[in-house]
file coords.tsv (TSV, C-alpha atoms)
chain	number	residue	atom	x	y	z
A	2	MET	CA	-143.36	-9.85	148.08
A	3	SER	CA	-146.55	-11.02	146.41
A	4	GLU	CA	-149.38	-12.37	148.50
A	5	LYS	CA	-149.81	-16.12	148.75
A	6	GLN	CA	-152.32	-17.36	146.19
A	7	GLU	CA	-155.29	-19.17	147.66
A	8	ALA	CA	-155.56	-22.75	146.41
A	9	THR	CA	-158.98	-22.38	144.82
A	10	PRO	CA	-160.33	-25.06	142.45
A	11	GLU	CA	-159.82	-22.67	139.54
A	12	PHE	CA	-156.22	-21.97	140.55
A	13	LEU	CA	-155.41	-25.68	140.95
A	14	ALA	CA	-157.01	-26.57	137.63
A	15	LYS	CA	-155.13	-23.79	135.85
A	16	TRP	CA	-151.70	-24.88	137.07
A	17	ASN	CA	-152.25	-28.62	137.01
A	18	LEU	CA	-149.75	-30.11	134.53
A	19	THR	CA	-150.91	-33.73	134.64
A	20	SER	CA	-152.37	-33.73	131.13
A	21	THR	CA	-149.40	-31.80	129.71
A	22	CYS	CA	-146.76	-34.09	131.21
A	23	GLY	CA	-148.86	-37.22	130.77
A	24	ALA	CA	-148.85	-36.93	126.99
A	25	SER	CA	-145.18	-37.96	126.97
A	26	MET	CA	-145.18	-40.38	129.90
A	27	ASP	CA	-145.19	-44.14	130.14
A	28	PRO	CA	-148.69	-45.27	131.25
A	29	HIS	CA	-147.21	-46.95	134.32
A	30	LEU	CA	-145.70	-43.64	135.40
A	31	LEU	CA	-148.80	-41.63	134.56
A	32	LEU	CA	-151.19	-43.75	136.62
A	33	PRO	CA	-149.66	-42.67	139.98
A	34	LEU	CA	-150.23	-39.04	138.95
A	35	LEU	CA	-153.87	-39.77	138.25
A	36	GLU	CA	-154.08	-41.55	141.60
A	37	PHE	CA	-152.69	-38.40	143.20
A	38	ALA	CA	-155.27	-36.31	141.36
A	39	SER	CA	-158.03	-38.59	142.60
A	40	GLN	CA	-156.91	-38.46	146.22
A	41	THR	CA	-155.81	-34.81	146.39
A	42	LEU	CA	-157.33	-32.66	143.66
A	43	VAL	CA	-160.80	-34.22	143.55
A	44	PRO	CA	-161.50	-33.43	147.24
A	45	LEU	CA	-160.42	-29.83	146.51
A	46	LYS	CA	-162.91	-29.78	143.62
A	47	ALA	CA	-160.22	-29.06	141.04
A	48	PHE	CA	-161.47	-32.14	139.17
A	49	ASN	CA	-164.35	-34.52	139.56
A	50	GLU	CA	-163.93	-38.23	140.20
A	51	VAL	CA	-165.69	-39.26	137.00
A	52	SER	CA	-163.32	-37.29	134.74
A	53	VAL	CA	-160.27	-38.66	136.55
A	54	GLY	CA	-161.69	-42.19	136.35
A	55	LYS	CA	-162.29	-41.87	132.62
A	56	ALA	CA	-158.74	-40.57	132.19
A	57	ARG	CA	-157.49	-43.68	133.98
A	58	LEU	CA	-159.51	-45.88	131.66
A	59	ARG	CA	-158.02	-44.16	128.60
A	60	VAL	CA	-154.53	-44.85	129.93
A	61	LEU	CA	-155.33	-48.44	130.87
A	62	GLU	CA	-157.00	-49.40	127.60
A	63	ASN	CA	-153.59	-49.75	125.93
A	64	SER	CA	-152.06	-51.70	128.81
A	65	ASN	CA	-152.39	-55.25	130.12
A	66	MET	CA	-153.63	-54.10	133.53
A	67	VAL	CA	-157.10	-55.40	132.77
A	68	ASP	CA	-158.16	-56.24	136.34
A	69	TYR	CA	-157.34	-52.70	137.41
A	70	ALA	CA	-159.16	-51.32	134.37
A	71	ILE	CA	-162.29	-53.34	135.21
A	72	GLU	CA	-162.11	-52.06	138.79
A	73	ILE	CA	-161.92	-48.44	137.59
A	74	TYR	CA	-164.74	-49.05	135.10
A	75	GLU	CA	-167.03	-50.30	137.87
A	76	SER	CA	-166.05	-47.34	140.04
A	77	VAL	CA	-166.90	-44.81	137.33
A	78	LYS	CA	-170.13	-46.64	136.55
A	79	SER	CA	-171.21	-46.40	140.20
A	80	LEU	CA	-170.74	-42.62	140.04
A	81	ASP	CA	-172.24	-41.99	136.61
A	82	SER	CA	-173.52	-44.98	134.66
A	83	ALA	CA	-174.19	-42.83	131.58
A	84	SER	CA	-170.49	-41.98	131.25
A	85	VAL	CA	-169.41	-45.55	130.45
A	86	ASP	CA	-170.36	-48.04	127.76
A	87	VAL	CA	-171.03	-51.68	128.57
A	88	LYS	CA	-169.23	-52.57	125.33
A	89	ASP	CA	-166.02	-51.29	126.90
A	90	LEU	CA	-166.46	-53.71	129.80
A	91	ASN	CA	-166.93	-56.61	127.39
A	92	VAL	CA	-163.76	-55.59	125.56
A	93	LEU	CA	-161.85	-55.58	128.84
A	94	LYS	CA	-163.17	-59.01	129.82
A	95	ASN	CA	-162.19	-60.46	126.44
A	96	LYS	CA	-158.77	-58.86	126.72
A	97	ARG	CA	-158.34	-60.37	130.17
A	98	GLU	CA	-158.74	-63.84	128.66
A	99	SER	CA	-156.01	-63.18	126.09
A	100	VAL	CA	-153.71	-61.67	128.73
A	101	MET	CA	-154.13	-64.69	131.00
A	102	LYS	CA	-153.54	-67.03	128.07
A	103	LYS	CA	-150.25	-65.31	127.24
A	104	MET	CA	-149.26	-65.20	130.91
A	105	ASN	CA	-149.81	-68.95	131.27
A	106	SER	CA	-147.91	-69.66	128.06
A	107	LEU	CA	-144.88	-67.60	129.12
A	108	THR	CA	-144.96	-69.07	132.62
A	109	GLU	CA	-144.91	-72.59	131.22
A	110	GLY	CA	-142.10	-71.76	128.79
A	111	ALA	CA	-139.96	-70.26	131.56
A	112	LYS	CA	-140.60	-73.15	133.95
A	113	PRO	CA	-137.18	-74.86	133.60
A	114	TYR	CA	-135.45	-71.71	134.86
A	115	THR	CA	-138.00	-70.85	137.56
A	116	THR	CA	-137.72	-74.43	138.83
A	117	LEU	CA	-133.94	-74.15	138.93
A	118	LEU	CA	-134.20	-70.89	140.88
A	119	GLY	CA	-136.03	-72.82	143.57
A	120	ASP	CA	-133.26	-75.42	143.78
A	121	VAL	CA	-131.01	-73.63	146.27
A	122	GLU	CA	-128.35	-76.36	146.48
A	123	THR	CA	-127.89	-76.72	142.72
A	124	ARG	CA	-127.68	-72.98	142.27
A	125	LYS	CA	-125.12	-72.64	145.04
A	126	LYS	CA	-122.92	-75.33	143.48
A	127	MET	CA	-123.15	-73.70	140.06
A	128	GLU	CA	-122.28	-70.28	141.48
A	129	GLU	CA	-119.28	-71.74	143.32
A	130	SER	CA	-118.08	-73.55	140.20
A	131	GLY	CA	-118.53	-70.48	138.01
A	132	THR	CA	-121.20	-72.11	135.83
A	133	TRP	CA	-124.12	-69.90	136.87
A	134	ASN	CA	-124.29	-68.26	133.45
A	135	VAL	CA	-125.99	-68.75	130.11
A	136	PRO	CA	-123.58	-71.43	128.77
A	137	GLY	CA	-123.50	-73.24	132.12
A	138	LEU	CA	-127.28	-73.48	132.38
A	139	LYS	CA	-127.47	-75.52	129.18
A	140	SER	CA	-126.02	-78.49	131.06
A	141	VAL	CA	-129.06	-78.54	133.35
A	142	GLY	CA	-131.65	-78.13	130.60
A	143	VAL	CA	-132.11	-74.37	130.70
A	144	THR	CA	-131.64	-73.24	127.11
A	145	ALA	CA	-131.28	-69.75	125.66
A	146	ASP	CA	-134.90	-69.97	124.48
A	147	VAL	CA	-136.05	-70.67	128.04
A	148	LEU	CA	-134.13	-67.64	129.31
A	149	GLU	CA	-135.58	-65.45	126.58
A	150	THR	CA	-139.06	-66.59	127.58
A	151	TYR	CA	-138.23	-65.77	131.21
A	152	ARG	CA	-137.09	-62.30	130.14
A	153	GLN	CA	-140.32	-61.78	128.20
A	154	LEU	CA	-142.31	-62.95	131.21
A	155	SER	CA	-140.59	-60.42	133.47
A	156	LYS	CA	-141.53	-57.64	131.06
A	157	PHE	CA	-145.08	-58.95	130.75
A	158	GLN	CA	-145.43	-58.93	134.54
A	159	TYR	CA	-144.43	-55.27	134.47
A	160	GLU	CA	-146.98	-54.53	131.76
A	161	CYS	CA	-149.63	-56.20	133.90
A	162	GLY	CA	-148.74	-53.95	136.82
A	163	ASP	CA	-147.00	-56.56	138.97
A	164	TYR	CA	-143.90	-54.43	139.49
A	165	GLU	CA	-142.55	-56.33	142.49
A	166	THR	CA	-142.52	-59.68	140.68
A	167	SER	CA	-141.05	-58.06	137.58
A	168	HIS	CA	-138.25	-56.48	139.60
A	169	PHE	CA	-137.41	-59.81	141.25
A	170	MET	CA	-137.33	-61.60	137.89
A	171	ILE	CA	-135.09	-58.95	136.34
A	172	ASP	CA	-132.61	-59.41	139.19
A	173	GLU	CA	-132.61	-63.17	138.65
A	174	TYR	CA	-132.08	-62.77	134.92
A	175	LEU	CA	-129.19	-60.33	135.38
A	176	SER	CA	-127.58	-62.68	137.92
A	177	LEU	CA	-126.44	-64.76	134.94
A	178	PHE	CA	-124.33	-61.89	133.63
A	179	VAL	CA	-122.75	-60.65	136.86
A	180	VAL	CA	-118.94	-60.69	137.02
A	181	GLU	CA	-117.29	-62.94	139.59
A	182	LYS	CA	-116.16	-61.16	142.74
A	183	GLY	CA	-112.43	-60.90	143.09
A	184	GLY	CA	-111.86	-61.80	139.46
A	185	GLU	CA	-110.15	-59.94	136.64
A	186	GLU	CA	-113.46	-58.72	135.24
A	187	GLU	CA	-114.41	-57.14	138.56
A	188	ARG	CA	-111.03	-55.39	138.68
A	189	LYS	CA	-111.61	-53.98	135.20
A	190	GLY	CA	-115.05	-52.89	136.27
A	191	ASN	CA	-113.71	-51.01	139.28
A	192	GLU	CA	-111.14	-49.27	137.08
A	193	GLY	CA	-113.58	-48.39	134.32
A	194	ARG	CA	-116.74	-47.35	136.16
A	195	LYS	CA	-116.38	-43.76	134.99
A	196	GLU	CA	-116.26	-44.92	131.38
A	197	GLY	CA	-119.62	-46.70	131.51
A	198	GLY	CA	-120.36	-49.95	129.69
A	199	ALA	CA	-121.08	-53.40	131.07
A	200	HIS	CA	-118.41	-53.35	133.79
A	201	CYS	CA	-119.89	-50.14	135.16
A	202	TYR	CA	-122.96	-52.16	136.16
A	203	GLY	CA	-121.04	-55.20	137.39
A	204	LEU	CA	-122.01	-57.19	134.29
A	205	LYS	CA	-119.91	-59.23	131.89
A	206	GLU	CA	-121.66	-57.90	128.82
A	207	LEU	CA	-124.21	-55.29	127.84
A	208	GLY	CA	-125.82	-56.50	124.64
A	209	GLU	CA	-129.17	-55.31	123.35
A	210	THR	CA	-131.21	-57.83	125.35
A	211	VAL	CA	-129.33	-57.30	128.61
A	212	HIS	CA	-129.49	-53.54	128.15
A	213	SER	CA	-133.27	-53.66	127.75
A	214	VAL	CA	-133.58	-55.63	130.99
A	215	LEU	CA	-131.28	-53.21	132.79
A	216	TRP	CA	-133.45	-50.35	131.57
A	217	GLY	CA	-136.47	-52.16	132.98
A	218	LYS	CA	-134.70	-52.48	136.33
A	219	VAL	CA	-134.06	-48.73	136.41
A	220	ARG	CA	-137.73	-48.05	135.70
A	221	ASN	CA	-138.72	-50.27	138.59

call {"tool": "encode", "arguments": {"input": "coords.tsv", "output": "structure tokens"}}
result
Amino acid sequence: MSEKQEATPEFLAKWNLTSTCGASMDPHLLLPLLEFASQTLVPLKAFNEVSVGKARLRVLENSNMVDYAIEIYESVKSLDSASVDVKDLNVLKNKRESVMKKMNSLTEGAKPYTTLLGDVETRKKMEESGTWNVPGLKSVGVTADVLETYRQLSKFQYECGDYETSHFMIDEYLSLFVVEKGGEEERKGNEGRKEGGAHCYGLKELGETVHSVLWGKVRN
């Protein structure tokens, strides 16, 4: 049996696969790995905090997580001011304005549905009457365009790093496509779970839009 290899900085750096795996990863999945590197590998001197911080900034520059990016920028600057460019900070601040503008626009556009979600009594009545669905919501002023805006807002929240809010919104969006308990559609779903499709997930349909939301739920 071979002797146990000592975890030297050189050994850790040699076998660290963060950069290799990260090239094919979603930025939101890569960031936790860089966080791990910062908390675990930096203290072991396998990497230095500045290089990890700059790697974070490269990942964040193509995302909407601007507040986090500004925080990392300031952190790197405090360690090595020569390693960052003030122009990058200005770009982030300008981007933050555009992100907030889009966030406010989507929030306003989705307001009819978010307001309805807060009306517990109306929702309960619609669920009991079987009208808590896309066609049924039209009668209370929630159009397909409003729902599409709500879907876009849930995705935008994810892109901004607010995973908890995004997950909640995805659940509320999918609630409009859930089959009724005890109904024929649920029976078909129970019989056809092994075959996949909409019924496998307890949904009435699995079109392109719904599928993209379901994929987002899995990622969360």

call {"tool": "residues_around", "arguments": {"input": "coords.tsv", "residues": "Leu117 in chain A", "least_positions_apart": "6", "cutoff": "10 Å", "atoms": "only C-alpha atoms", "output": "PyMOL selection string"}}
result
chain A and resi 123-124+138+141-143

call {"tool": "closest_residue", "arguments": {"input": "coords.tsv", "among": "A:Leu58, A:Leu80, A:Val214, A:Met127", "to": "Glu173 in chain A", "atoms": "all atoms listed in the file"}}
result
A:Val214

call {"tool": "residues_around", "arguments": {"input": "coords.tsv", "residues": "Asn105 in chain A", "least_positions_apart": "6", "cutoff": "10 Å", "atoms": "all atoms listed in the file", "output": "ChimeraX atom specification"}}
result
/A:99,111,154

call {"tool": "write_last_selection", "arguments": {"input": "coords.tsv", "atoms": "C-alpha atoms", "output": "short mmCIF file (atom, residue, chain, number, x, y, z; two decimals), keeping the file's coordinate frame"}}
result
data_model
loop_
_atom_site.label_atom_id
_atom_site.label_comp_id
_atom_site.auth_asym_id
_atom_site.auth_seq_id
_atom_site.Cartn_x
_atom_site.Cartn_y
_atom_site.Cartn_z
CA SER A 99 -156.01 -63.18 126.09
CA ALA A 111 -139.96 -70.26 131.56
CA LEU A 154 -142.31 -62.95 131.21
#

call {"tool": "atom_distance", "arguments": {"input": "coords.tsv", "atom1": "CA of Asp68 in chain A", "atom2": "CA of Lys96 in chain A"}}
result
10.0 Å

call {"tool": "axis_aligned_box", "arguments": {"input": "coords.tsv", "around": "range 132-140 of chain A", "padding_each_side": "6 Å", "output": "AutoDock Vina command-line options"}}
result
--center_x -124.3 --center_y -73.4 --center_z 132.8 --size_x 18.3 --size_y 22.2 --size_z 20.1

call {"tool": "residues_around", "arguments": {"input": "coords.tsv", "residues": "range 92-94 of chain A", "least_positions_apart": "4", "cutoff": "10 Å", "atoms": "all atoms listed in the file", "output": "ChimeraX atom specification"}}
result
/A:61-62,65-68,70-71,74,87-88,98-100

call {"tool": "atom_distance", "arguments": {"input": "coords.tsv", "atom1": "CA of Gly137 in chain A", "atom2": "CA of Glu165 in chain A"}}
result
27.5 Å

call {"tool": "atom_distance", "arguments": {"input": "coords.tsv", "atom1": "CA of Met104 in chain A", "atom2": "CA of Asp27 in chain A"}}
result
21.5 Å

call {"tool": "closest_residue", "arguments": {"input": "coords.tsv", "among": "A:Glu122, A:Asp172, A:Glu129, A:Glu109", "to": "Thr150 in chain A", "atoms": "all atoms listed in the file"}}
result
A:Glu109

call {"tool": "closest_residue", "arguments": {"input": "coords.tsv", "among": "A:Val51, A:Val60, A:Cys22, A:Met101", "to": "Asp81 in chain A", "atoms": "all atoms listed in the file"}}
result
A:Val51

call {"tool": "residues_around", "arguments": {"input": "coords.tsv", "residues": "Leu30 in chain A", "least_positions_apart": "4", "cutoff": "12 Å", "atoms": "all atoms listed in the file", "output": "number ranges by chain"}}
result
A: 19, 22-26, 34-37, 57, 60-61, 159-160, 162, 164, 220-221

call {"tool": "closest_residue", "arguments": {"input": "coords.tsv", "among": "A:Ser140, A:Gln158, A:Ala83, A:Lys78", "to": "Lys103 in chain A", "atoms": "only C-alpha atoms"}}
result
A:Gln158

call {"tool": "closest_residue", "arguments": {"input": "coords.tsv", "among": "A:Leu177, A:Leu107, A:Leu32, A:Val121", "to": "Ser155 in chain A", "atoms": "all atoms listed in the file"}}
result
A:Leu107

call {"tool": "closest_residue", "arguments": {"input": "coords.tsv", "among": "A:Val179, A:Leu148, A:Val77, A:Cys161", "to": "Trp133 in chain A", "atoms": "all atoms listed in the file"}}
result
A:Val179
